[in-house]
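Following: one structure in structure tokens, then a few remarks.
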Amino acid sequence: KRIIHWFRRDLRLDDNTALLTAYATAEEVVPVFIVDDAILRRPDTASNRVAFLLESLHDLDGNLRSRGSRLVLRRGQPEEVLAQLVAETGAAGVYFNRDVEPFALARDARVATRLEGQCAVVSFEDGGLTAPDSVKTKTGTPYTVFTPYKKAVLPQSVAHPRPAPTQLRTPADVLGEPLPTLADLGFATAATLPPGGETAAQARLSDFIRNGLEHYASARDRLAEEGTSRLSPYLRFGCLSPRRAYWAAREAFSNGSPGLEGWISELVWRDFYRQILFHFPYVEGGAFKRAYDELAWENRPEWFECWCEGKTGFPVVDAAMRQLLTTGWMHNRARMIVASFLTKDLLIDWRWGERHFMQHLVDGDLAANNGGWQWAASTGTDAQPYFRIFNPIAQGKKFDPTGAYVRRYVPELSAVPDRWIHEPLLMSTDLQRAFRCIIGVDYPSPVVDHGHQRIKALAMFSRLTTNQ
Ligand code: FAD
């Protein structure tokens with residue numbers, strides 16, 4: 001018996017539910033990845049993610065080969081490629097791990113219809129700590145508030161991970177195409193990205209558990225430090241099993257640690273937003289709290305451009321936006337600061353920022369990105385009232401007290417002393433000259449006045465609330 005395992009967002013051998021089931025039930029497994037032009041052509045597809053994907057596929061192929069198998073790569077529409085492959089191999093089934101994105105669910109439904117009568121199409125739950133529809137309130141509805149959701153998930157329901165099979169059997173006569181380069185696919189990137197693949201993911205997880213987890217609670221919000229795991233791109237592409245990450249951390253710190261609980265909470269946030277997207281797919285493109293679709297954003301394109309380029313005149317915002325452009329990643333605290341700034345200082349629709357993030361983030365993921373943006377814009381699941389607005393200067397002083405983060409990404413400010421690093425406008429003309437940073441010439445003047453914009457944002461939200 002032969003089974004096709006269709007790799008998508010599960011680019012690993014370790015704890016891969018569909019793959020392990022295929023190997024347990026069939027003599028031979030055909031591991032296939034399909035390069036789908038419908039995904040490559042999407043306006044929110046980022047070169048950075050395509051580059052990371054290609055490296056991850058390369059690593060996956062190497063890991064398969066070391067176990068006696070290899071990755072079969074094909075290009076085309078998944079339903080047609082799979083129908084062809086089933087005909088070629090006589091496979092009894094196509095197995096894959098389920099996704100939660102509307103685009104993927106529609107594609108998978110097309111695949112199931114196309115293969116009906118030809119072979120079995122079987123999907124598995126794999127992408128989260130738990131399945132998106134497995135954790136419900138007492139009345140059977142999905143959770144829309146994080147804390148009770150987390151209490152319902154932890155700790156019992158997270159399955160223990162299963163190791164990769166040691167020996168894999170794949171038929172020798174199934175041909176694939178060579179792995180394309182980034183340029184072959186029409187993409188290019190200048191960003192310095194983390195290495196893709198399961199091998200790098202495992203190394204990073206061990207390193208974080210050995211050296212980072214213990215200090216996570218105190219270091220995670222410090223912008224200039226590597227205080228977080230940086231595992232997000234690996235979780236995004238399934239190079240790492242979230243259950244492996246969860247249990248590796250729990251077992252290493254079985255006596256508990258403040259870092260452990262905080263970090264596990266973040267893994268649960270990931271699941272929380274996956275199940276929000278699964279149960280409320282209208283959040284793709286619309287506010288979770290539907291009334292907020294009526295907010296009267298100002299949407300000034302020239303302000304949006306300043307924000308995208310990291311030229312707003314607010315040092316911490318600019319550093320963060322440039323971190324995104326140069327590394328394809330941004331610190332979580334910085335994501336919150338720039339998202340609040342875009343929506344509540346620049347009064348620009350959160351969807352503009354969400355799209356810009358997707359076009360650059362190496363970990364760009366619809367569920368987490370949408371959840372993060374709606375959190376910042378106060379349109380999402382969070383109960384926090386809209387009138388809590390981040391002050392970008394205070395945030396910079398608190399989370400980058402020495403200005404090391406700002407100096408790393410905004411070289412115009414590199415000579416400015418700590419005292420003015422978050423408010424360079426307060427320097428006298430003489431000081432600006434002395435520290436080689438003339439405001440308005442070397443570094444932009446602030447694009448808006450925070451206090452003034454805050455009042456406008458409050459008015460924008462309260463108009464809507466009082467009209468309801
Ligand atoms: P760690 O602190 O080490 O956390 C471990 C893992 O938990 C992360 O790798 C990630 O998978 C998950 N996680 C952590 N925080 C969150 C969160 N708030 N929501 C969901 N999952 C979380 N995360 C993405 O993976 N993709 C995105 O596209 C994305 N967009 C975001 C947009 C905004 C506006 C905001 C505020 C947050 C966004 N996040 C996104 C969440 C978070 O910023 C990143 O997951 C985190 O910075 C990744 O760094 P890390 O791996 O070092 O995280």
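In the structure tokens, chains take letters A, B, ... by order of appearance, with residues numbered from 1 within each chain and ligands from 1 in the order shown.
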
Next on the checklist: Give me, as a PyMOL selection string, the set of residues whose atoms come within 6 Å of any atom of ligand 1, counting only C-alpha atoms and all ligand atoms.
Outcome noted: chain A and resi 228-232+235+263+266-267+269-270+331-332+335-336+339+363-365+368-369+372-373

Checklist entry - Which residues come within 10 Å of A:Val174, counting only C-alpha atoms, excluding same-chain residues fewer than 4 positions away, as a VMD selection string? => result chain A and resid 30 72 85 88 to 89 170

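Proximity of A:Val158, A:Leu53, A:Ala334, A:Leu223 to A:Glu198, computed with only C-alpha atoms, is greatest for A:Leu53.
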
Checklist entry - Do you know which residues are at most 7 Å from A:Ile34 counting only C-alpha atoms, after dropping those on the same chain fewer than 3 positions away, and could you put them as a PyMOL selection string? => result chain A and resi 73-76+78

Checklist outcome for this item: Here atom CA of A:Ala120 and atom CA of A:Ser66 stand apart by 28.8 Å

Under the rule of at most 12 Å, produce a per-residue listing of stretch 278-306 of chain A near stretch 312-329 of chain A: chain, number, name, the closest pair of atoms, and the distance in Å, as a Markdown table, using only C-alpha atoms.
| residue | atom | partner | partner_atom | distance |
| --- | --- | --- | --- | --- |
| A:Glu302 | CA | A:Thr312 | CA | 10.5 |
| A:Trp303 | CA | A:Thr312 | CA | 7.8 |
| A:Phe304 | CA | A:Thr312 | CA | 9.3 |
| A:Glu305 | CA | A:Thr312 | CA | 9.0 |
| A:Cys306 | CA | A:Thr312 | CA | 5.3 |

Residue subset to file, keeping C-alpha atoms, as a compact mmCIF listing (two decimals), in the first residue's frame:
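Output contents, as saved in result_21.txt:
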# COMPACT_ATOMS: atom_id res chain seq x y z
CA GLU A 302 1.94 60.16 3.06
CA TRP A 303 1.86 59.27 6.76
CA PHE A 304 1.58 55.60 5.91
CA GLU A 305 4.68 55.90 3.74
CA CYS A 306 6.66 57.53 6.61

Next on the checklist: List as a PyMOL selection string the protein and nucleic acid residues near A:Gly259, meaning an atom at most 7 Å away when only C-alpha atoms are counted, but skip any in the same chain fewer than 4 places from it.
Outcome noted: chain A and resi 213-217+263

Checklist entry - When DSSP works through the backbone of this structure, what residues of stretch 99-137 of chain A end up as strand (DSSP E or B), shown as a PyMOL selection string? => result chain A and resi 120-124+136

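If you look at atom CA of A:Tyr143 and atom CA of A:Met330, they are 28.1 Å away from each other.
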
Item to check | Long-range neighbours of A:Leu13 as an MDAnalysis selection string, 9 Å cut-off, only C-alpha atoms, 2 positions minimum in chain | outcome: chainID A and resid 10:11 15:16 19:20 60 63:64 163:165 198 239

Expected file contents, prior selection, N, CA and C atoms, as an mmCIF file, in the first residue's frame:
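Final file, part15.cif:
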data_model
loop_
_atom_site.group_PDB
_atom_site.id
_atom_site.type_symbol
_atom_site.label_atom_id
_atom_site.label_comp_id
_atom_site.auth_asym_id
_atom_site.auth_seq_id
_atom_site.Cartn_x
_atom_site.Cartn_y
_atom_site.Cartn_z
ATOM 1 N N ASP A 10 3.938 22.062 7.622
ATOM 2 C CA ASP A 10 4.386 21.043 8.588
ATOM 3 C C ASP A 10 5.729 20.513 8.104
ATOM 4 N N LEU A 11 6.676 21.442 7.825
ATOM 5 C CA LEU A 11 7.908 21.061 7.127
ATOM 6 C C LEU A 11 8.920 20.424 8.079
ATOM 7 N N ASP A 15 7.306 14.621 15.187
ATOM 8 C CA ASP A 15 5.943 14.864 15.678
ATOM 9 C C ASP A 15 5.009 15.402 14.585
ATOM 10 N N ASN A 16 5.091 14.806 13.413
ATOM 11 C CA ASN A 16 4.235 15.230 12.301
ATOM 12 C C ASN A 16 3.085 14.230 12.194
ATOM 13 N N LEU A 19 2.123 12.569 8.739
ATOM 14 C CA LEU A 19 3.250 11.786 8.209
ATOM 15 C C LEU A 19 3.443 10.495 9.019
ATOM 16 N N LEU A 20 3.398 10.635 10.339
ATOM 17 C CA LEU A 20 3.594 9.446 11.189
ATOM 18 C C LEU A 20 2.469 8.446 10.984
ATOM 19 N N LEU A 60 14.401 19.779 4.684
ATOM 20 C CA LEU A 60 13.479 18.641 4.780
ATOM 21 C C LEU A 60 13.941 17.511 3.858
ATOM 22 N N ASN A 63 16.853 15.733 5.376
ATOM 23 C CA ASN A 63 16.459 14.858 6.487
ATOM 24 C C ASN A 63 15.742 13.613 5.987
ATOM 25 N N LEU A 64 14.964 13.773 4.909
ATOM 26 C CA LEU A 64 14.294 12.601 4.327
ATOM 27 C C LEU A 64 15.337 11.663 3.721
ATOM 28 N N PRO A 163 8.450 11.079 18.169
ATOM 29 C CA PRO A 163 9.669 11.305 17.381
ATOM 30 C C PRO A 163 9.506 10.928 15.910
ATOM 31 N N ALA A 164 10.403 11.447 15.082
ATOM 32 C CA ALA A 164 10.389 11.162 13.642
ATOM 33 C C ALA A 164 10.666 9.681 13.406
ATOM 34 N N PRO A 165 10.091 9.111 12.331
ATOM 35 C CA PRO A 165 10.441 7.724 11.999
ATOM 36 C C PRO A 165 11.922 7.631 11.631
ATOM 37 N N GLU A 198 13.938 22.434 9.771
ATOM 38 C CA GLU A 198 13.758 21.718 11.040
ATOM 39 C C GLU A 198 15.061 21.623 11.837
ATOM 40 N N CYS A 239 8.251 23.923 10.945
ATOM 41 C CA CYS A 239 9.573 23.292 11.076
ATOM 42 C C CYS A 239 9.741 22.775 12.500
#

Item to check | Backbone DSSP call of alpha helix (DSSP H) for stretch 101-173 of chain A, listed as a list in words | outcome: Pro102, Phe103, Ala104, Leu105, Ala106, Arg107, Asp108, Ala109, Arg110, Val111, Ala112, Thr113, Arg114, Phe146, Thr147, Pro148, Tyr149, Lys150, Lys151, Ala152 and Val153 of chain A

Save the residues we just selected, N, CA and C atoms, as a tab-separated table (two decimals), in the first residue's frame?
chain	number	residue	atom	x	y	z
A	102	PRO	N	-8.89	30.50	5.73
A	102	PRO	CA	-9.96	30.31	4.74
A	102	PRO	C	-9.43	29.88	3.36
A	103	PHE	N	-8.33	30.48	2.93
A	103	PHE	CA	-7.76	30.14	1.62
A	103	PHE	C	-7.40	28.64	1.57
A	104	ALA	N	-6.75	28.17	2.62
A	104	ALA	CA	-6.32	26.77	2.66
A	104	ALA	C	-7.51	25.83	2.77
A	105	LEU	N	-8.51	26.22	3.54
A	105	LEU	CA	-9.68	25.35	3.70
A	105	LEU	C	-10.42	25.19	2.37
A	106	ALA	N	-10.49	26.29	1.60
A	106	ALA	CA	-11.17	26.23	0.29
A	106	ALA	C	-10.36	25.34	-0.66
A	107	ARG	N	-9.04	25.49	-0.63
A	107	ARG	CA	-8.17	24.67	-1.50
A	107	ARG	C	-8.31	23.19	-1.13
A	108	ASP	N	-8.31	22.90	0.16
A	108	ASP	CA	-8.39	21.51	0.59
A	108	ASP	C	-9.74	20.89	0.23
A	109	ALA	N	-10.78	21.71	0.25
A	109	ALA	CA	-12.10	21.20	-0.15
A	109	ALA	C	-12.07	20.85	-1.65
A	110	ARG	N	-11.39	21.67	-2.45
A	110	ARG	CA	-11.28	21.38	-3.90
A	110	ARG	C	-10.52	20.07	-4.12
A	111	VAL	N	-9.47	19.88	-3.33
A	111	VAL	CA	-8.67	18.65	-3.46
A	111	VAL	C	-9.55	17.43	-3.14
A	112	ALA	N	-10.31	17.53	-2.05
A	112	ALA	CA	-11.16	16.40	-1.64
A	112	ALA	C	-12.18	16.08	-2.74
A	113	THR	N	-12.76	17.11	-3.33
A	113	THR	CA	-13.75	16.89	-4.39
A	113	THR	C	-13.09	16.25	-5.61
A	114	ARG	N	-11.93	16.77	-5.98
A	114	ARG	CA	-11.25	16.28	-7.19
A	114	ARG	C	-10.85	14.81	-7.05
A	146	PHE	N	-9.03	35.41	26.18
A	146	PHE	CA	-7.82	34.60	26.29
A	146	PHE	C	-7.69	33.84	27.62
A	147	THR	N	-7.82	34.53	28.76
A	147	THR	CA	-7.48	33.90	30.04
A	147	THR	C	-8.32	32.64	30.32
A	148	PRO	N	-9.64	32.69	30.18
A	148	PRO	CA	-10.39	31.44	30.38
A	148	PRO	C	-10.03	30.37	29.35
A	149	TYR	N	-9.68	30.81	28.14
A	149	TYR	CA	-9.27	29.84	27.11
A	149	TYR	C	-8.02	29.11	27.59
A	150	LYS	N	-7.05	29.91	28.07
A	150	LYS	CA	-5.79	29.32	28.52
A	150	LYS	C	-6.03	28.34	29.68
A	151	LYS	N	-6.87	28.73	30.59
A	151	LYS	CA	-7.16	27.84	31.73
A	151	LYS	C	-7.77	26.54	31.26
A	152	ALA	N	-8.56	26.61	30.19
A	152	ALA	CA	-9.20	25.39	29.68
A	152	ALA	C	-8.21	24.50	28.92
A	153	VAL	N	-7.18	25.10	28.34
A	153	VAL	CA	-6.22	24.32	27.54
A	153	VAL	C	-5.20	23.61	28.42

Please report as a tab-separated table every residue of stretch 297-352 of chain A lying within 12 Å of stretch 282-287 of chain A, along with the nearest atom pair and their distance in Å (one decimal), using only C-alpha atoms.
residue	atom	partner	partner_atom	distance
A:Asp349	CA	A:Ala287	CA	10.7
A:Trp350	CA	A:Ala287	CA	9.4
A:Arg351	CA	A:Gly285	CA	7.1
A:Trp352	CA	A:Gly285	CA	10.3

Item to check | Shell around stretch 410-426 of chain A at 9 Å using only C-alpha atoms, local window under 5 positions removed, as a PyMOL selection string | outcome: chain A and resi 310+313-316+318-319+322+392-394+396-397+400-405+431-432+434-437+439+442-443+445-446

Could you write out that same residue set with C-alpha atoms as a compact mmCIF listing (two decimals), in the first residue's frame?
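Generated file (result22.txt):
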# COMPACT_ATOMS: atom_id res chain seq x y z
CA GLY A 310 10.72 54.14 9.47
CA GLY A 313 10.47 61.09 13.71
CA PHE A 314 9.59 58.81 16.66
CA PRO A 315 12.85 56.91 17.26
CA VAL A 316 11.45 53.68 18.69
CA ASP A 318 11.42 54.09 13.25
CA ALA A 319 13.87 51.55 14.72
CA ARG A 322 13.58 49.40 9.99
CA PRO A 392 5.63 55.98 21.82
CA ILE A 393 8.15 58.11 23.72
CA ALA A 394 7.31 56.60 27.11
CA GLY A 396 10.81 53.78 24.11
CA LYS A 397 12.20 55.05 27.43
CA ASP A 400 14.88 50.67 25.44
CA PRO A 401 16.27 52.75 28.30
CA THR A 402 19.78 53.11 26.92
CA GLY A 403 18.62 53.59 23.32
CA ALA A 404 20.66 50.60 22.14
CA TYR A 405 17.77 49.34 19.99
CA LEU A 431 23.35 70.05 20.79
CA GLN A 432 21.87 68.82 17.50
CA ALA A 434 27.30 68.68 18.38
CA PHE A 435 25.72 65.23 18.04
CA ARG A 436 25.57 65.41 14.24
CA CYS A 437 21.81 65.12 14.09
CA ILE A 439 16.23 67.47 13.28
CA ASP A 442 19.49 64.36 9.31
CA TYR A 443 16.50 62.85 11.10
CA SER A 445 10.78 65.98 12.77
CA PRO A 446 7.90 64.05 14.40

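Each of A:Ser265, A:Ser218, A:Ser340, A:Gln374 was compared to A:Phe399 using only C-alpha atoms, and A:Ser218 turns out to be the nearest.
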
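Across A:Leu175, A:Leu366, A:Ala245, A:Ala91, the tightest approach to A:Ala159 is made by A:Ala245 when counting only C-alpha atoms.
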
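Atom CA of A:Tyr234 lies 21.9 Å from atom CA of A:Thr166.
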
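Close contacts of A:Val362, defined as residues with an atom at most 9 Å away when counting only C-alpha atoms, with chain neighbours fewer than 3 positions off set aside, comprise Ala46, Ser47, Asn48, Arg49, Val50, Ala51, Phe52, Leu193, Pro194, Ser232, Pro233, Arg236, Thr327, Gly328, Trp329, Met358, Gln359 and Asp365 of chain A.
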
Would you output that residue set with N, CA and C atoms, as a short mmCIF file (atom, residue, chain, number, x, y, z; two decimals), in the first residue's frame?
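Contents of the output file again05.cif:
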data_model
loop_
_atom_site.label_atom_id
_atom_site.label_comp_id
_atom_site.auth_asym_id
_atom_site.auth_seq_id
_atom_site.Cartn_x
_atom_site.Cartn_y
_atom_site.Cartn_z
N ALA A 46 5.34 37.36 0.96
CA ALA A 46 6.60 38.08 1.17
C ALA A 46 7.78 37.28 0.63
N SER A 47 8.69 37.97 -0.04
CA SER A 47 9.93 37.32 -0.49
C SER A 47 10.63 36.64 0.68
N ASN A 48 10.61 37.32 1.83
CA ASN A 48 11.31 36.77 3.00
C ASN A 48 10.76 35.40 3.38
N ARG A 49 9.45 35.25 3.28
CA ARG A 49 8.87 33.94 3.64
C ARG A 49 9.16 32.91 2.56
N VAL A 50 9.17 33.33 1.30
CA VAL A 50 9.47 32.36 0.23
C VAL A 50 10.91 31.88 0.39
N ALA A 51 11.83 32.80 0.72
CA ALA A 51 13.23 32.42 0.93
C ALA A 51 13.34 31.41 2.07
N PHE A 52 12.65 31.70 3.16
CA PHE A 52 12.69 30.81 4.34
C PHE A 52 12.08 29.45 3.99
N LEU A 193 18.02 36.99 7.03
CA LEU A 193 16.98 36.13 7.60
C LEU A 193 17.58 35.01 8.43
N PRO A 194 16.80 34.44 9.35
CA PRO A 194 17.29 33.27 10.08
C PRO A 194 17.33 32.07 9.14
N SER A 232 9.37 31.97 16.06
CA SER A 232 8.12 32.20 15.31
C SER A 232 8.15 31.75 13.84
N PRO A 233 9.24 31.98 13.07
CA PRO A 233 9.18 31.51 11.68
C PRO A 233 9.12 29.98 11.59
N ARG A 236 5.68 28.99 12.34
CA ARG A 236 4.86 29.41 11.20
C ARG A 236 4.85 28.37 10.07
N THR A 327 15.47 42.83 8.61
CA THR A 327 15.63 41.46 9.11
C THR A 327 14.39 40.59 8.90
N GLY A 328 13.28 41.17 8.42
CA GLY A 328 12.06 40.39 8.22
C GLY A 328 11.41 39.96 9.52
N TRP A 329 11.81 40.54 10.62
CA TRP A 329 11.28 40.17 11.93
C TRP A 329 11.19 41.43 12.77
N MET A 358 2.54 41.58 6.63
CA MET A 358 2.53 40.31 5.88
C MET A 358 3.51 40.34 4.71
N GLN A 359 3.70 41.53 4.14
CA GLN A 359 4.61 41.63 2.99
C GLN A 359 6.08 41.54 3.38
N ASP A 365 1.85 35.42 9.60
CA ASP A 365 0.87 34.36 9.73
C ASP A 365 -0.49 35.03 9.91
#

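Ranking A:Phe278, A:Glu177, A:Ser157, A:Tyr246 by their shortest atom-to-atom distance to A:Arg98, with only C-alpha atoms included, puts A:Phe278 first.
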